[in-house]
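Structure file model_12.pdb (PDB, C-alpha atoms) follows.
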```pdb
ATOM      1  CA  MET A  16     -23.547  20.329  61.304
ATOM      2  CA  MET A  17     -23.577  23.810  62.761
ATOM      3  CA  LEU A  18     -24.979  25.598  59.699
ATOM      4  CA  GLU A  19     -27.511  23.057  58.487
ATOM      5  CA  ASN A  20     -30.505  24.670  56.759
ATOM      6  CA  ARG A  21     -28.738  28.033  56.618
ATOM      7  CA  ALA A  22     -28.033  30.042  53.477
ATOM      8  CA  ALA A  23     -24.935  32.189  53.111
ATOM      9  CA  ILE A  24     -23.310  34.606  50.708
ATOM     10  CA  VAL A  25     -19.524  34.857  50.832
ATOM     11  CA  THR A  26     -18.292  37.799  48.775
ATOM     12  CA  GLY A  27     -14.980  37.334  47.031
ATOM     13  CA  SER A  28     -15.115  33.573  47.449
ATOM     14  CA  ALA A  29     -13.625  32.342  44.189
ATOM     15  CA  ARG A  30     -10.209  32.115  45.849
ATOM     16  CA  GLY A  31      -8.197  32.634  49.011
ATOM     17  CA  ILE A  32      -9.832  33.237  52.372
ATOM     18  CA  GLY A  33     -13.283  33.613  50.797
ATOM     19  CA  ARG A  34     -12.990  30.199  49.166
ATOM     20  CA  ALA A  35     -11.938  28.629  52.454
ATOM     21  CA  ILE A  36     -14.907  30.230  54.222
ATOM     22  CA  ALA A  37     -17.363  29.080  51.528
ATOM     23  CA  GLU A  38     -16.026  25.523  51.639
ATOM     24  CA  ARG A  39     -16.099  25.410  55.438
ATOM     25  CA  PHE A  40     -19.642  26.778  55.597
ATOM     26  CA  ALA A  41     -20.715  24.113  53.094
ATOM     27  CA  ARG A  42     -19.067  21.356  55.161
ATOM     28  CA  GLU A  43     -21.064  22.665  58.114
ATOM     29  CA  GLY A  44     -24.282  22.299  56.103
ATOM     30  CA  ALA A  45     -24.848  25.797  54.679
ATOM     31  CA  ARG A  46     -26.074  26.441  51.161
ATOM     32  CA  VAL A  47     -23.514  28.854  49.758
ATOM     33  CA  ALA A  48     -23.568  31.605  47.142
ATOM     34  CA  VAL A  49     -20.017  31.852  45.827
ATOM     35  CA  ASN A  50     -19.499  35.439  44.711
ATOM     36  CA  TYR A  51     -16.903  36.493  42.159
ATOM     37  CA  LEU A  52     -16.013  39.646  40.283
ATOM     38  CA  ALA A  53     -14.350  38.418  37.088
ATOM     39  CA  ASN A  54     -13.128  34.824  37.278
ATOM     40  CA  ARG A  55     -16.195  32.700  36.593
ATOM     41  CA  ALA A  56     -14.113  29.539  36.095
ATOM     42  CA  LYS A  57     -12.597  29.799  39.579
ATOM     43  CA  ALA A  58     -16.003  30.466  41.177
ATOM     44  CA  GLU A  59     -17.564  27.515  39.342
ATOM     45  CA  GLU A  60     -14.640  25.373  40.502
ATOM     46  CA  VAL A  61     -15.449  26.281  44.113
ATOM     47  CA  ALA A  62     -19.193  25.716  43.654
ATOM     48  CA  ASN A  63     -18.641  22.411  41.813
ATOM     49  CA  GLY A  64     -16.288  21.222  44.556
ATOM     50  CA  ILE A  65     -18.918  21.987  47.171
ATOM     51  CA  ARG A  66     -21.580  20.117  45.167
ATOM     52  CA  LYS A  67     -19.271  17.124  44.605
ATOM     53  CA  ALA A  68     -18.758  16.943  48.371
ATOM     54  CA  GLY A  69     -22.539  16.759  48.834
ATOM     55  CA  GLY A  70     -23.233  20.425  49.510
ATOM     56  CA  THR A  71     -25.309  23.063  47.773
ATOM     57  CA  ALA A  72     -23.678  26.014  46.042
ATOM     58  CA  ILE A  73     -24.222  28.500  43.264
ATOM     59  CA  ALA A  74     -21.792  30.957  41.686
ATOM     60  CA  ILE A  75     -22.985  34.539  41.200
ATOM     61  CA  GLN A  76     -21.058  37.317  39.510
ATOM     62  CA  ALA A  77     -21.402  40.709  41.188
ATOM     63  CA  ASP A  78     -19.190  43.728  41.748
ATOM     64  CA  VAL A  79     -20.038  44.553  45.367
ATOM     65  CA  SER A  80     -18.702  48.078  44.928
ATOM     66  CA  LYS A  81     -21.813  48.720  42.814
ATOM     67  CA  ARG A  82     -25.105  48.993  44.712
ATOM     68  CA  GLN A  83     -27.191  47.387  41.951
ATOM     69  CA  ASP A  84     -24.852  44.378  41.805
ATOM     70  CA  ALA A  85     -25.006  43.942  45.591
ATOM     71  CA  ASN A  86     -28.814  44.096  45.472
ATOM     72  CA  ARG A  87     -28.894  41.541  42.635
ATOM     73  CA  LEU A  88     -26.497  39.217  44.471
ATOM     74  CA  VAL A  89     -28.736  39.219  47.532
ATOM     75  CA  ALA A  90     -31.936  38.832  45.476
ATOM     76  CA  GLU A  91     -30.533  35.915  43.433
ATOM     77  CA  THR A  92     -29.326  34.181  46.588
ATOM     78  CA  ILE A  93     -32.703  34.555  48.306
ATOM     79  CA  LYS A  94     -34.463  33.304  45.173
ATOM     80  CA  ALA A  95     -32.177  30.262  44.902
ATOM     81  CA  PHE A  96     -32.190  29.318  48.588
ATOM     82  CA  GLY A  97     -35.522  30.678  49.816
ATOM     83  CA  GLY A  98     -33.857  33.024  52.273
ATOM     84  CA  LEU A  99     -30.551  34.283  53.559
ATOM     85  CA  ASP A 100     -29.076  33.791  57.015
ATOM     86  CA  ILE A 101     -25.431  34.822  56.746
ATOM     87  CA  MET A 102     -23.508  37.390  54.723
ATOM     88  CA  VAL A 103     -19.731  37.306  54.830
ATOM     89  CA  SER A 104     -18.203  40.517  53.494
ATOM     90  CA  ASN A 105     -14.850  39.286  52.292
ATOM     91  CA  ALA A 106     -14.298  40.859  48.852
ATOM     92  CA  GLY A 107     -11.342  43.180  48.818
ATOM     93  CA  VAL A 108      -8.470  44.573  46.843
ATOM     94  CA  ILE A 109      -4.865  44.929  47.893
ATOM     95  CA  MET A 110      -2.586  47.606  46.499
ATOM     96  CA  ASP A 111       0.986  46.380  46.608
ATOM     97  CA  LYS A 112       2.840  49.679  46.483
ATOM     98  CA  SER A 113       4.023  52.210  48.975
ATOM     99  CA  PHE A 114       1.724  55.024  50.031
ATOM    100  CA  VAL A 115       3.738  57.663  48.196
ATOM    101  CA  GLU A 116       3.657  55.565  44.994
ATOM    102  CA  SER A 117      -0.114  55.044  45.200
ATOM    103  CA  THR A 118      -2.372  56.859  42.773
ATOM    104  CA  ASP A 119      -5.842  58.333  43.073
ATOM    105  CA  GLU A 120      -7.070  55.308  41.135
ATOM    106  CA  ASP A 121      -5.477  52.932  43.688
ATOM    107  CA  TRP A 122      -7.138  54.812  46.538
ATOM    108  CA  ASP A 123     -10.524  54.838  44.794
ATOM    109  CA  ALA A 124     -10.369  51.114  43.997
ATOM    110  CA  ALA A 125      -9.522  50.188  47.591
ATOM    111  CA  ILE A 126     -12.211  52.414  49.089
ATOM    112  CA  GLU A 127     -14.870  51.330  46.586
ATOM    113  CA  THR A 128     -14.355  47.602  47.092
ATOM    114  CA  ASN A 129     -13.162  47.362  50.683
ATOM    115  CA  LEU A 130     -15.474  49.963  52.245
ATOM    116  CA  ARG A 131     -18.328  50.634  49.845
ATOM    117  CA  GLY A 132     -18.551  46.913  49.042
ATOM    118  CA  PHE A 133     -19.315  46.155  52.685
ATOM    119  CA  PHE A 134     -21.751  49.083  52.894
ATOM    120  CA  ASN A 135     -23.600  47.999  49.741
ATOM    121  CA  MET A 136     -23.872  44.393  50.873
ATOM    122  CA  ALA A 137     -25.051  45.326  54.377
ATOM    123  CA  GLN A 138     -27.647  47.696  52.914
ATOM    124  CA  ALA A 139     -28.857  44.954  50.555
ATOM    125  CA  VAL A 140     -29.085  42.177  53.132
ATOM    126  CA  LEU A 141     -30.291  43.986  56.262
ATOM    127  CA  PRO A 142     -33.939  44.527  55.234
ATOM    128  CA  HIS A 143     -34.320  40.774  54.685
ATOM    129  CA  MET A 144     -32.631  39.929  57.982
ATOM    130  CA  ILE A 145     -34.626  42.555  59.905
ATOM    131  CA  GLU A 146     -37.876  41.260  58.421
ATOM    132  CA  ARG A 147     -36.964  37.709  59.460
ATOM    133  CA  LYS A 148     -35.603  38.928  62.824
ATOM    134  CA  SER A 149     -32.582  36.765  62.203
ATOM    135  CA  GLY A 150     -29.246  36.895  60.443
ATOM    136  CA  ARG A 151     -25.534  37.361  60.777
ATOM    137  CA  ILE A 152     -23.129  39.691  59.030
ATOM    138  CA  LEU A 153     -19.441  38.823  59.233
ATOM    139  CA  VAL A 154     -16.645  41.019  57.943
ATOM    140  CA  THR A 155     -13.118  39.846  57.268
ATOM    141  CA  GLY A 156     -10.189  42.108  57.922
ATOM    142  CA  SER A 157      -6.493  41.744  57.398
ATOM    143  CA  CYS A 158      -3.402  41.480  59.524
ATOM    144  CA  ILE A 159      -1.995  44.080  57.134
ATOM    145  CA  THR A 160      -3.918  46.698  59.097
ATOM    146  CA  GLU A 161      -1.795  45.973  62.160
ATOM    147  CA  ILE A 162       1.462  46.863  60.438
ATOM    148  CA  ALA A 163       0.609  50.158  58.756
ATOM    149  CA  ASP A 164       3.688  52.205  58.035
ATOM    150  CA  PHE A 165       2.789  54.941  55.620
ATOM    151  CA  GLY A 166       6.424  55.505  54.781
ATOM    152  CA  GLY A 167       7.454  51.985  53.868
ATOM    153  CA  ASN A 168       4.573  49.519  54.076
ATOM    154  CA  ARG A 169       3.605  48.278  50.628
ATOM    155  CA  TYR A 170      -0.047  47.920  51.678
ATOM    156  CA  SER A 171      -0.802  51.338  53.186
ATOM    157  CA  VAL A 172      -3.742  52.102  50.901
ATOM    158  CA  CYS A 173      -5.309  48.737  51.693
ATOM    159  CA  THR A 174      -4.651  49.341  55.381
ATOM    160  CA  ALA A 175      -6.456  52.670  55.284
ATOM    161  CA  SER A 176      -9.522  51.100  53.642
ATOM    162  CA  LYS A 177      -9.721  48.234  56.117
TER     163      LYS A 177
END
```
As a first step, turn the structure in this file into structure tokens.
Amino acid sequence: MMLENRAAIVTGSARGIGRAIAERFAREGARVAVNYLANRAKAEEVANGIRKAGGTAIAIQADVSKRQDANRLVAETIKAFGGLDIMVSNAGVIMDKSFVESTDEDWDAAIETNLRGFFNMAQAVLPHMIERKSGRILVTGSCITEIADFGGNRYSVCTASK
């Protein structure tokens, strides 16, 4: 198992790509912190599935767009697992409307989660990784960013924040 004795946080892992990453890391032997924003039931479903398969997982609520939540997520993970080796920045929001239909609120939400969320998590985890002289930070992107068309693409705001 490639990740045996490693501890990982996967932000936004209650569903979708984040869930798949968390489950794969667990199959490879990692202890996984399943992060969620609002849907505790979905996050617990992921964590319970990992435990039922013989892995180790916890579910932790945190809004990564908020610095204090990112710091708490990292601290709770380190406390639970005795350290942290991998942080996957996956949490993100998608705005499904054209650029000209997008509002200031849409823009702010995308920037806060997709950009500031990564920044907050990296700031929270790096001191621990630097002290240990070990660690990995992975960031997911989106194929949406390859098809930006600010006139017609329904995901232009998301594209800009990725």
Practice problem: List, as an MDAnalysis selection string, every residue that the PyMOL selection byres ((chain A and resi 119-128) around 6) selects in the file provided. | Solution: chainID A and resid 80 107:108 117:118 129:132 176
Quiz item: Just so the selection is clear, what residues does the PyMOL selection byres ((chain A and resi 44) around 6) cover here, as a PyMOL selection string?
Solution: chain A and resi 16+18-19+41-43+45
Exercise. Please identify all polymer residues within 8 Å of Asn135 (chain A), counting only C-alpha atoms, omitting same-chain residues fewer than 3 positions from it, and present them as a ChimeraX atom specification.
Key: /A:79-82,85-86,131-132,138-139
Exercise. With the file shown as input, list the residues that the PyMOL selection byres ((chain A and resi 36-39) around 9) selects, as a PyMOL selection string.
Key: chain A and resi 23-25+28-29+31-35+40-45+47-49+61-62+64-65+72+103
Compile the contact shell of Leu141 (chain A) as a short mmCIF file (atom, residue, chain, number, x, y, z; two decimals) with C-alpha atoms, keeping the file's coordinate frame: residues with an atom at most 10 Å away, counting all atoms listed in the file, same-chain residues fewer than 6 positions apart removed.
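Wrote it out as result_39.cif, contents follow:
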```
data_model
loop_
_atom_site.label_atom_id
_atom_site.label_comp_id
_atom_site.auth_asym_id
_atom_site.auth_seq_id
_atom_site.Cartn_x
_atom_site.Cartn_y
_atom_site.Cartn_z
CA MET A 102 -23.51 37.39 54.72
CA ARG A 147 -36.96 37.71 59.46
CA LYS A 148 -35.60 38.93 62.82
CA SER A 149 -32.58 36.76 62.20
CA GLY A 150 -29.25 36.90 60.44
CA ARG A 151 -25.53 37.36 60.78
CA ILE A 152 -23.13 39.69 59.03
#
```
Self-check item: Top pick for closest residue to Ile145 (chain A), considering A:Ile73, A:Asn50, A:Glu91, A:Asp100 and counting all atoms listed in the file
Solution: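 Answer, going by the shortest atom-to-atom distance: A:Asp100.
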